[in-house]
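Printed here is run37.txt (compact mmCIF, C-alpha atoms and all ligand atoms):
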```
# COMPACT_ATOMS: atom_id res chain seq x y z
CA MET A 246 0.00 0.00 0.00
CA ILE A 247 1.24 3.48 -0.92
CA LEU A 248 -0.05 6.61 0.82
CA VAL A 249 -0.41 9.92 -1.03
CA THR A 250 -1.22 12.97 1.12
CA GLY A 251 -2.61 16.26 -0.20
CA ALA A 252 -4.11 13.81 -2.66
CA ALA A 253 -6.98 15.90 -4.05
CA GLY A 254 -4.72 18.74 -5.23
CA LYS A 255 -3.28 18.94 -8.73
CA THR A 256 -0.01 17.31 -7.66
CA GLY A 257 -1.73 14.52 -5.72
CA ARG A 258 -4.05 13.67 -8.60
CA ALA A 259 -1.15 13.55 -11.09
CA VAL A 260 0.91 11.33 -8.78
CA ILE A 261 -2.02 8.96 -8.18
CA LYS A 262 -2.61 8.68 -11.95
CA ALA A 263 1.06 7.70 -12.39
CA LEU A 264 1.04 5.24 -9.47
CA LEU A 265 -2.14 3.30 -10.28
CA PRO A 266 -0.80 1.43 -13.37
CA TYR A 267 1.84 -0.26 -11.16
CA GLY A 268 -0.98 -2.19 -9.50
CA GLU A 269 0.02 -1.65 -5.88
CA PRO A 270 -2.96 -0.29 -3.88
CA VAL A 271 -2.96 3.44 -3.23
CA ARG A 272 -4.41 5.14 -0.16
CA ALA A 273 -5.26 8.83 -0.49
CA LEU A 274 -5.43 11.29 2.40
CA VAL A 275 -7.75 14.17 1.53
CA ARG A 276 -9.39 16.96 3.51
CA HIS A 277 -13.07 16.37 2.67
CA THR A 278 -15.20 13.23 2.31
CA SER A 279 -16.49 14.43 -1.09
CA GLN A 280 -12.86 14.37 -2.36
CA ALA A 281 -12.45 10.84 -0.95
CA GLU A 282 -15.44 9.60 -2.95
CA GLU A 283 -14.14 11.26 -6.12
CA LEU A 284 -10.70 9.63 -5.79
CA ARG A 285 -12.23 6.20 -5.13
CA ARG A 286 -14.03 6.59 -8.45
CA VAL A 287 -10.68 7.08 -10.28
CA GLY A 288 -9.30 3.84 -8.83
CA VAL A 289 -7.77 4.73 -5.49
CA HIS A 290 -8.06 1.68 -3.23
CA GLN A 291 -8.71 3.60 0.00
CA ALA A 292 -9.41 7.30 0.44
CA ILE A 293 -9.70 8.79 3.87
CA ALA A 294 -10.60 12.30 4.95
CA GLY A 295 -8.48 13.91 7.66
CA ASP A 296 -6.48 16.94 8.70
CA MET A 297 -2.71 16.80 8.11
CA ARG A 298 -2.25 19.03 11.17
CA ASN A 299 -3.83 16.34 13.36
CA PRO A 300 -1.34 13.60 14.46
CA SER A 301 -4.08 11.00 15.03
CA ASP A 302 -5.39 11.50 11.46
CA LEU A 303 -1.84 11.05 10.16
CA ASN A 304 -1.29 7.92 12.30
CA ARG A 305 -4.47 6.48 10.77
CA ALA A 306 -3.31 7.40 7.26
CA TYR A 307 0.22 5.95 7.64
CA SER A 308 -0.85 2.73 9.36
CA GLY A 309 0.00 -0.35 7.26
CA VAL A 310 1.57 1.46 4.30
CA ARG A 311 4.91 0.54 2.66
CA ALA A 312 5.76 3.91 1.15
CA ALA A 313 4.32 7.41 1.33
CA TYR A 314 4.40 10.44 -0.93
CA HIS A 315 4.06 13.41 1.41
CA ILE A 316 2.55 16.45 -0.31
CA CYS A 317 1.75 19.45 1.85
CA SER A 318 -0.74 21.88 0.36
CA ASN A 319 0.46 25.06 -1.33
CA MET A 320 1.12 28.18 0.80
CA ASN A 321 0.50 26.28 4.02
CA PRO A 322 1.87 28.26 7.02
CA ASP A 323 2.00 24.99 9.02
CA GLU A 324 4.19 23.10 6.54
CA ILE A 325 7.01 22.47 9.05
CA GLN A 326 4.67 21.18 11.77
CA ILE A 327 2.79 19.07 9.23
CA GLY A 328 6.12 17.65 8.01
CA GLN A 329 7.14 16.86 11.58
CA ASN A 330 3.77 15.18 12.25
CA ALA A 331 4.07 13.15 9.03
CA ILE A 332 7.58 11.99 9.98
CA GLU A 333 6.36 10.92 13.44
CA ALA A 334 3.41 9.04 11.94
CA ALA A 335 5.76 7.34 9.45
CA LYS A 336 8.07 6.26 12.28
CA ASN A 337 5.12 4.97 14.34
CA ALA A 338 3.97 2.93 11.34
CA GLY A 339 7.45 1.53 10.55
CA LEU A 340 7.26 3.05 7.03
CA GLN A 341 9.89 1.69 4.62
CA HIS A 342 10.20 4.70 2.30
CA PHE A 343 9.21 8.34 2.89
CA VAL A 344 9.19 10.40 -0.31
CA TYR A 345 8.79 14.16 0.14
CA HIS A 346 7.38 16.62 -2.38
CA SER A 347 9.64 19.62 -1.82
CA VAL A 348 10.52 22.32 -4.34
CA LEU A 349 13.47 23.40 -6.50
CA HIS A 350 15.79 25.68 -4.50
CA PRO A 351 14.27 25.29 -1.04
CA GLN A 352 17.43 27.12 0.16
CA VAL A 353 15.91 30.49 -0.73
CA GLN A 354 15.12 32.08 2.62
CA SER A 355 13.25 35.05 1.15
CA MET A 356 10.52 32.69 -0.11
CA PRO A 357 8.91 31.26 3.07
CA HIS A 358 7.21 28.37 1.27
CA HIS A 359 10.64 27.27 0.01
CA TRP A 360 12.46 27.84 3.28
CA ASN A 361 9.81 25.85 5.20
CA LYS A 362 10.35 22.91 2.86
CA LEU A 363 14.10 23.07 3.56
CA GLN A 364 13.34 22.74 7.29
CA VAL A 365 11.24 19.62 6.59
CA GLU A 366 14.11 18.20 4.50
CA ALA A 367 16.45 18.75 7.47
CA LEU A 368 13.96 16.97 9.77
CA LEU A 369 14.04 14.02 7.39
CA PHE A 370 17.87 13.82 7.51
CA GLU A 371 17.60 13.43 11.28
CA SER A 372 14.54 11.17 11.32
CA GLY A 373 16.17 7.77 10.86
CA LEU A 374 13.68 7.14 8.02
CA THR A 375 14.69 6.01 4.54
CA TYR A 376 13.73 8.98 2.39
CA THR A 377 13.88 10.50 -1.08
CA ILE A 378 13.31 14.21 -1.72
CA MET A 379 11.78 15.46 -4.97
CA GLN A 380 12.40 19.13 -5.85
CA PRO A 381 10.24 20.19 -8.79
CA ALA A 382 10.52 23.51 -10.62
CA ALA A 383 7.37 25.55 -11.36
CA TYR A 384 4.84 23.47 -13.27
CA MET A 385 3.93 24.09 -16.91
CA GLN A 386 0.35 23.49 -15.73
CA ASN A 387 0.46 26.84 -13.83
CA VAL A 388 0.12 28.61 -17.21
CA LEU A 389 -3.33 27.02 -17.61
CA GLY A 390 -4.46 29.13 -14.63
CA TYR A 391 -4.19 32.16 -16.95
CA TRP A 392 -5.94 30.47 -19.84
CA SER A 393 -9.26 32.33 -19.81
CA LYS A 394 -7.46 35.71 -20.11
CA ILE A 395 -5.16 34.32 -22.81
CA GLN A 396 -8.18 33.23 -24.82
CA ALA A 397 -10.36 36.26 -24.13
CA GLU A 398 -7.76 39.03 -24.48
CA GLY A 399 -4.66 37.46 -26.08
CA VAL A 400 -2.71 38.45 -22.97
CA TYR A 401 -0.48 36.37 -20.66
CA ALA A 402 -0.45 38.57 -17.59
CA VAL A 403 1.60 37.63 -14.51
CA PRO A 404 2.77 39.85 -11.64
CA TYR A 405 6.48 39.72 -12.48
CA SER A 406 8.86 40.75 -15.22
CA ASN A 407 8.53 39.56 -18.82
CA GLU A 408 12.28 38.89 -18.77
CA ALA A 409 12.14 36.56 -15.72
CA ARG A 410 13.25 33.08 -16.84
CA PHE A 411 11.97 29.65 -15.77
CA SER A 412 12.75 25.96 -16.31
CA LEU A 413 9.10 24.93 -16.24
CA VAL A 414 8.45 21.23 -15.70
CA ASP A 415 5.49 19.15 -16.83
CA LEU A 416 3.66 17.91 -13.71
CA GLU A 417 2.97 14.62 -15.54
CA ASP A 418 6.76 14.09 -15.89
CA VAL A 419 7.18 14.84 -12.19
CA ALA A 420 4.46 12.31 -11.35
CA LEU A 421 6.03 9.60 -13.55
CA ALA A 422 9.38 10.20 -11.84
CA VAL A 423 7.73 9.98 -8.41
CA ALA A 424 6.07 6.68 -9.34
CA ARG A 425 9.46 5.30 -10.51
CA VAL A 426 11.17 6.39 -7.31
CA ILE A 427 8.49 4.68 -5.20
CA HIS A 428 8.54 1.45 -7.23
CA GLU A 429 12.28 1.09 -7.97
CA SER A 430 12.70 -0.12 -4.44
CA GLY A 431 16.02 0.65 -2.76
CA GLN A 432 17.47 2.52 -5.78
CA HIS A 433 16.65 6.06 -4.65
CA ASP A 434 17.30 5.91 -0.91
CA TYR A 435 18.56 9.25 0.55
CA ALA A 436 18.54 10.94 -2.88
CA ILE A 437 17.55 14.56 -3.53
CA TYR A 438 16.35 15.10 -7.09
CA GLU A 439 15.91 18.46 -8.83
CA LEU A 440 13.13 18.07 -11.41
CA CYS A 441 13.16 20.63 -14.23
CA GLY A 442 12.34 20.87 -17.90
CA THR A 443 15.23 21.36 -20.34
CA GLN A 444 14.13 24.76 -21.72
CA VAL A 445 14.80 28.08 -20.04
CA LEU A 446 11.86 30.31 -20.99
CA SER A 447 11.08 33.93 -20.20
CA ASN A 448 7.46 35.00 -19.81
CA ALA A 449 7.80 36.62 -23.23
CA ASP A 450 8.94 33.22 -24.65
CA ILE A 451 6.02 31.50 -22.91
CA ALA A 452 3.54 33.97 -24.45
CA ARG A 453 5.14 33.53 -27.89
CA LEU A 454 4.95 29.72 -27.70
CA VAL A 455 1.35 29.80 -26.46
CA GLY A 456 0.55 32.13 -29.40
CA THR A 457 2.21 29.73 -31.88
CA VAL A 458 0.23 26.75 -30.57
CA ILE A 459 -3.16 28.52 -30.43
CA GLY A 460 -2.58 30.39 -33.69
CA ARG A 461 -2.88 33.99 -32.49
CA PHE A 462 -0.60 36.68 -31.06
CA VAL A 463 -0.32 36.55 -27.26
CA ASN A 464 1.21 39.52 -25.47
CA ALA A 465 3.20 39.02 -22.23
CA VAL A 466 2.21 41.66 -19.69
CA ALA A 467 3.77 42.26 -16.25
CA LEU A 468 0.85 42.97 -13.89
CA ASP A 469 1.27 45.70 -11.31
CA GLN A 470 2.02 43.91 -7.99
CA ALA A 471 0.03 46.42 -5.89
CA GLU A 472 -3.00 45.80 -8.13
CA TRP A 473 -2.43 42.05 -7.82
CA GLU A 474 -2.30 42.35 -4.01
CA LYS A 475 -5.51 44.41 -3.86
CA ASN A 476 -7.28 41.86 -6.00
CA ALA A 477 -5.92 38.85 -4.04
CA ARG A 478 -6.96 40.35 -0.69
CA SER A 479 -10.42 41.26 -1.99
CA GLN A 480 -10.84 37.60 -2.98
CA GLY A 481 -10.02 36.50 0.57
CA MET A 482 -6.48 35.15 0.08
CA SER A 483 -4.77 34.63 3.46
CA ASP A 484 -2.19 37.12 4.66
CA PHE A 485 0.50 34.38 4.66
CA ALA A 486 -0.26 33.50 1.04
CA VAL A 487 -0.34 37.14 -0.13
CA THR A 488 2.95 38.01 1.61
CA THR A 489 4.65 34.81 0.49
CA LEU A 490 3.55 35.22 -3.12
CA LEU A 491 4.70 38.86 -3.17
CA ASN A 492 8.11 37.69 -1.93
CA MET A 493 8.11 35.06 -4.64
CA PHE A 494 7.28 37.60 -7.37
CA GLU A 495 10.08 39.86 -6.10
CA TYR A 496 12.50 36.92 -6.26
CA TYR A 497 11.32 35.92 -9.74
CA ASP A 498 11.78 39.54 -10.90
CA GLN A 499 15.39 39.49 -9.82
CA PHE A 500 16.51 35.93 -10.45
CA GLY A 501 13.83 33.92 -12.28
CA PHE A 502 13.58 30.28 -11.22
CA ILE A 503 15.98 28.11 -13.22
CA GLY A 504 17.37 24.61 -12.87
CA ASN A 505 18.72 21.76 -14.98
CA GLY A 506 16.77 18.97 -16.71
CA ASN A 507 19.44 16.23 -16.56
CA VAL A 508 18.19 14.54 -13.38
CA LEU A 509 14.61 14.32 -14.67
CA SER A 510 15.89 12.96 -18.04
CA TRP A 511 17.78 10.29 -16.16
CA LEU A 512 14.79 9.34 -14.00
CA LEU A 513 12.39 9.22 -16.98
CA ARG A 514 14.95 7.64 -19.35
CA ARG A 515 13.84 10.19 -21.95
CA THR A 516 13.97 13.93 -22.51
CA PRO A 517 11.46 15.80 -20.34
CA THR A 518 8.36 17.15 -22.09
CA ARG A 519 8.91 20.44 -23.92
CA PHE A 520 6.52 23.33 -23.26
CA GLU A 521 5.12 23.20 -26.83
CA GLU A 522 4.40 19.45 -26.42
CA PHE A 523 2.67 20.13 -23.11
CA LEU A 524 0.51 22.83 -24.71
CA SER A 525 -0.49 20.62 -27.65
CA ARG A 526 -1.38 17.77 -25.28
CA SER A 527 -3.40 20.06 -23.01
CA LEU A 528 -5.29 21.64 -25.90
CA ASN A 529 -5.99 18.31 -27.63
CA PRO A 530 -6.45 15.91 -24.73
CA THR A 531 -6.75 12.20 -25.45
CA PRO A 532 -9.48 10.41 -23.43
CA SER A 533 -6.87 9.32 -20.81
CA ASN A 534 -5.61 12.90 -20.26
N1 LIG B 601 2.56 24.74 -8.46
C1 LIG B 601 3.87 24.59 -8.66
O1 LIG B 601 4.41 25.02 -9.69
C2 LIG B 601 4.70 23.83 -7.65
C3 LIG B 601 6.04 23.55 -7.95
C4 LIG B 601 6.80 22.86 -7.01
C5 LIG B 601 6.25 22.48 -5.80
N2 LIG B 601 4.95 22.78 -5.55
C6 LIG B 601 4.38 22.35 -4.25
O2 LIG B 601 3.42 21.35 -4.50
C7 LIG B 601 2.62 21.20 -3.31
C8 LIG B 601 1.22 20.83 -3.69
O3 LIG B 601 0.61 21.86 -4.41
P1 LIG B 601 -0.86 21.61 -5.06
O4 LIG B 601 -1.20 22.90 -5.72
O5 LIG B 601 -0.85 20.34 -5.82
O6 LIG B 601 -1.71 21.35 -3.75
P2 LIG B 601 -2.97 22.09 -3.14
O7 LIG B 601 -4.07 21.99 -4.13
O8 LIG B 601 -2.61 23.40 -2.57
O9 LIG B 601 -3.27 21.16 -1.87
C9 LIG B 601 -3.42 19.78 -1.96
C10 LIG B 601 -4.58 19.35 -1.12
O10 LIG B 601 -4.26 19.45 0.27
C11 LIG B 601 -5.46 19.73 0.95
N3 LIG B 601 -5.20 20.27 2.28
C12 LIG B 601 -4.93 21.55 2.64
N4 LIG B 601 -4.74 21.65 3.95
C13 LIG B 601 -4.95 20.41 4.45
C14 LIG B 601 -4.94 19.86 5.75
N5 LIG B 601 -4.66 20.61 6.80
N6 LIG B 601 -5.20 18.56 5.91
C15 LIG B 601 -5.49 17.78 4.84
N7 LIG B 601 -5.50 18.22 3.57
C16 LIG B 601 -5.26 19.52 3.39
C17 LIG B 601 -6.17 20.69 0.04
O11 LIG B 601 -7.56 20.64 0.36
P3 LIG B 601 -8.64 21.61 -0.31
O12 LIG B 601 -8.92 20.98 -1.65
O13 LIG B 601 -9.77 21.58 0.61
O14 LIG B 601 -7.98 22.95 -0.42
C18 LIG B 601 -5.85 20.14 -1.34
O15 LIG B 601 -6.85 19.26 -1.83
C19 LIG B 601 2.77 22.52 -2.54
O16 LIG B 601 3.51 22.26 -1.36
C20 LIG B 601 3.59 23.39 -3.48
O17 LIG B 601 4.44 24.28 -2.79
C21 LIG B 601 4.15 23.42 -6.44
```

Show me the file's structure as structure tokens.
Amino acid sequence: MILVTGAAGKTGRAVIKALLPYGEPVRALVRHTSQAEELRRVGVHQAIAGDMRNPSDLNRAYSGVRAAYHICSNMNPDEIQIGQNAIEAAKNAGLQHFVYHSVLHPQVQSMPHHWNKLQVEALLFESGLTYTIMQPAAYMQNVLGYWSKIQAEGVYAVPYSNEARFSLVDLEDVALAVARVIHESGQHDYAIYELCGTQVLSNADIARLVGTVIGRFVNAVALDQAEWEKNARSQGMSDFAVTTLLNMFEYYDQFGFIGNGNVLSWLLRRTPTRFEEFLSRSLNPTPSN
């Protein structure tokens, strides 16, 4: 049995889709019972609702599993405590392999959601558990969050510079690599893997490639960050998330978010998906996508 936490999010769903073909039962930990029912329908063996902040819910989730993929939700101010609780639950359950969904460059202190993941990584080093740490770059799938504006206005508008550069990674590649790491037993113990695509693309490049694939000009626009903040707060985004995201935009403005695709190529035994391939697949989904 393999446990996936944060299972109803976009990462959890992608990882579950990659794990199921291996045939080993998957248990999903979700927040709400409605999500549990939905995941059972896609083939998850057991889906349980619980709160990752609650040690007894985590003990229940980790009980009787061989390996776990620990995903904490995005912009979670409790990520370190949740990581600590997950490690304790894994130790209580005698887990054989703890795999942690971290992020590329967790060393960046000015981005709290990165820095918190680094603290969880350090807890793992000292836990006595057998672990593997996955460090994905920003997902290509994030661009789909801007899709309605791209289609309606021909504008790719993000709150950082058009020149900021990224090594976007396809979440489906990340999920396939995670499934390999969990099933190639013993081969990935104590490894830390940076997972990036092979292209380094600015926002202007991203807009140009989107335009090529959809057959119309798409303009890259840097949104005003103060406007973005006003809008985010009016929509009820938490103070932690607003502050953290503003720090992230500031960092992206200065340094972008770039890594190297060699490790992911090695794990997948092929070249990682290019952004144009991802776009074509997303726009023309096959029934299994
Ligand atoms: N997006 C990227 O480009 C990227 C790149 C690298 C790493 N990451 C990391 O990937 C991770 C997952 O992101 P995501 O967007 O896939 O996940 P997500 O949608 O933010 O969260 C996953 C799930 O966790 C649930 N959840 C939240 N708090 C919970 C709690 N206390 N107990 C139980 N479940 C709880 C959420 O429930 P609800 O559905 O009720 O909200 C959601 O279904 C994040 O840590 C992020 O930093 C993201």

Enclose the full set of atoms of ligand LIG 601 (chain B) listed in the file within a box whose edges lie along x, y and z, apply 4 Å of padding to each of the six sides, and report centre and edge lengths in Å to one decimal as AutoDock Vina command-line options.
```
--center_x -1.5 --center_y 21.4 --center_z -1.4 --size_x 24.6 --size_y 15.2 --size_z 24.5
```

I'd like the neighbourhood of Phe502 in chain A as a ChimeraX atom specification, where a residue qualifies if any of its atoms comes within 8 Å (using all atoms listed in the file), though same-chain residues fewer than 3 positions away should be ignored. /A:382-383,409-412,497

From the list A:Arg285, A:Arg272, A:Lys336, A:His346, which residue is nearest ligand LIG 601 (chain B) when using only C-alpha atoms and all ligand atoms?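 Looking only at the distances to ligand LIG 601 (chain B), the closest residue turns out to be A:His346.
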
Given the choices A:Ala253, A:Met493, A:Val414, A:Met385, which gets closest to ligand LIG 601 (chain B) if the distance is worked out from all atoms listed in the file?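 Answer, going by the shortest atom-to-atom distance: A:Ala253.
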
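Among the candidates A:Arg286, A:His359, A:Arg425, A:Arg514, the residue lying nearest to ligand LIG 601 (chain B) is A:His359 (atoms considered: all atoms listed in the file).
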
Kindly indicate which residue among A:Leu274, A:Leu446, A:Arg305, A:Asn464 lies nearest to Gln291 in chain A, using only C-alpha atoms for the distances.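 Nearest candidate to Gln291 in chain A out of A:Leu274, A:Leu446, A:Arg305, A:Asn464: A:Leu274.
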
Using only C-alpha atoms, the shortest atom-to-atom distance to Ala424 in chain A among A:Thr377, A:Gly399, A:Ala338, A:Thr518 belongs to A:Thr377

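Atom N3 of ligand LIG 601 (chain B) to CA of Ser318 in chain A spans 5.1 Å [interatomic distance, one decimal].
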
Please indicate the distance in Å from CA of Tyr314 in chain A to CA of Ala486 in chain A, rounded to one decimal place.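 Separation of CA of Tyr314 in chain A and CA of Ala486 in chain A: 23.6 Å.
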
Of the candidates A:Val289, A:Leu413, A:Ala367, A:Ala263, which shows the shortest atom-to-atom distance to Gln386 in chain A, using all atoms listed in the file?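 Among A:Val289, A:Leu413, A:Ala367, A:Ala263, it is A:Leu413 that comes nearest to Gln386 in chain A.
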
Could you check how far atom C17 of ligand LIG 601 (chain B) sits from CA of Ala331 in chain A, in Å to one decimal?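 Interatomic distance here is 15.6 Å.
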
Near range 478-485 of chain A, 9 Å: range 289-407 of chain A residue rows, closest pairs, all atoms listed in the file, as a Markdown table:
```
| residue | atom | partner | partner_atom | distance |
| --- | --- | --- | --- | --- |
| A:Met320 | CA | A:Phe485 | CA | 7.3 |
| A:Asn321 | CA | A:Phe485 | CA | 8.1 |
| A:Pro322 | CA | A:Phe485 | CA | 6.7 |
```

If we count only C-alpha atoms, what is near Ala294 in chain A at a cut-off of 8 Å, once residues fewer than 3 positions away on the same chain are taken out, given as a list in words?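 Contacts, with the query itself left out: Leu274, Val275, Arg276, His277, Thr278, Gln280 and Ala281 of chain A.
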
Please return, as a ChimeraX atom specification, all polymer residues that have at least one atom within 6 Å of the point (6.7, 12.5, 1.2); use all atoms listed in the file and the file's own coordinate frame. /A:313-316,343-346

Write out as number ranges by chain the residues lying within 10 Å of Arg258 in chain A, counting only C-alpha atoms and excluding same-chain residues fewer than 5 positions away. A: 249, 251-253, 263-264, 273, 284, 287, 417, 420

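Using only C-alpha atoms, the contacts of Gly431 in chain A at a cut-off of 12 Å, with sequence neighbours closer than 5 positions omitted, comprise Ala312, Gln341, His342, Phe343, Thr375, Tyr376, Thr377, Arg425, Val426 and Ala436 of chain A.
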
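The neighbours of Glu439 in chain A here are the residues that come within 7 Å of it, using only C-alpha atoms and leaving out any residue fewer than 3 positions away in the same chain; they are A:Leu349, A:Met379, A:Gln380, A:Pro381, A:Val508.
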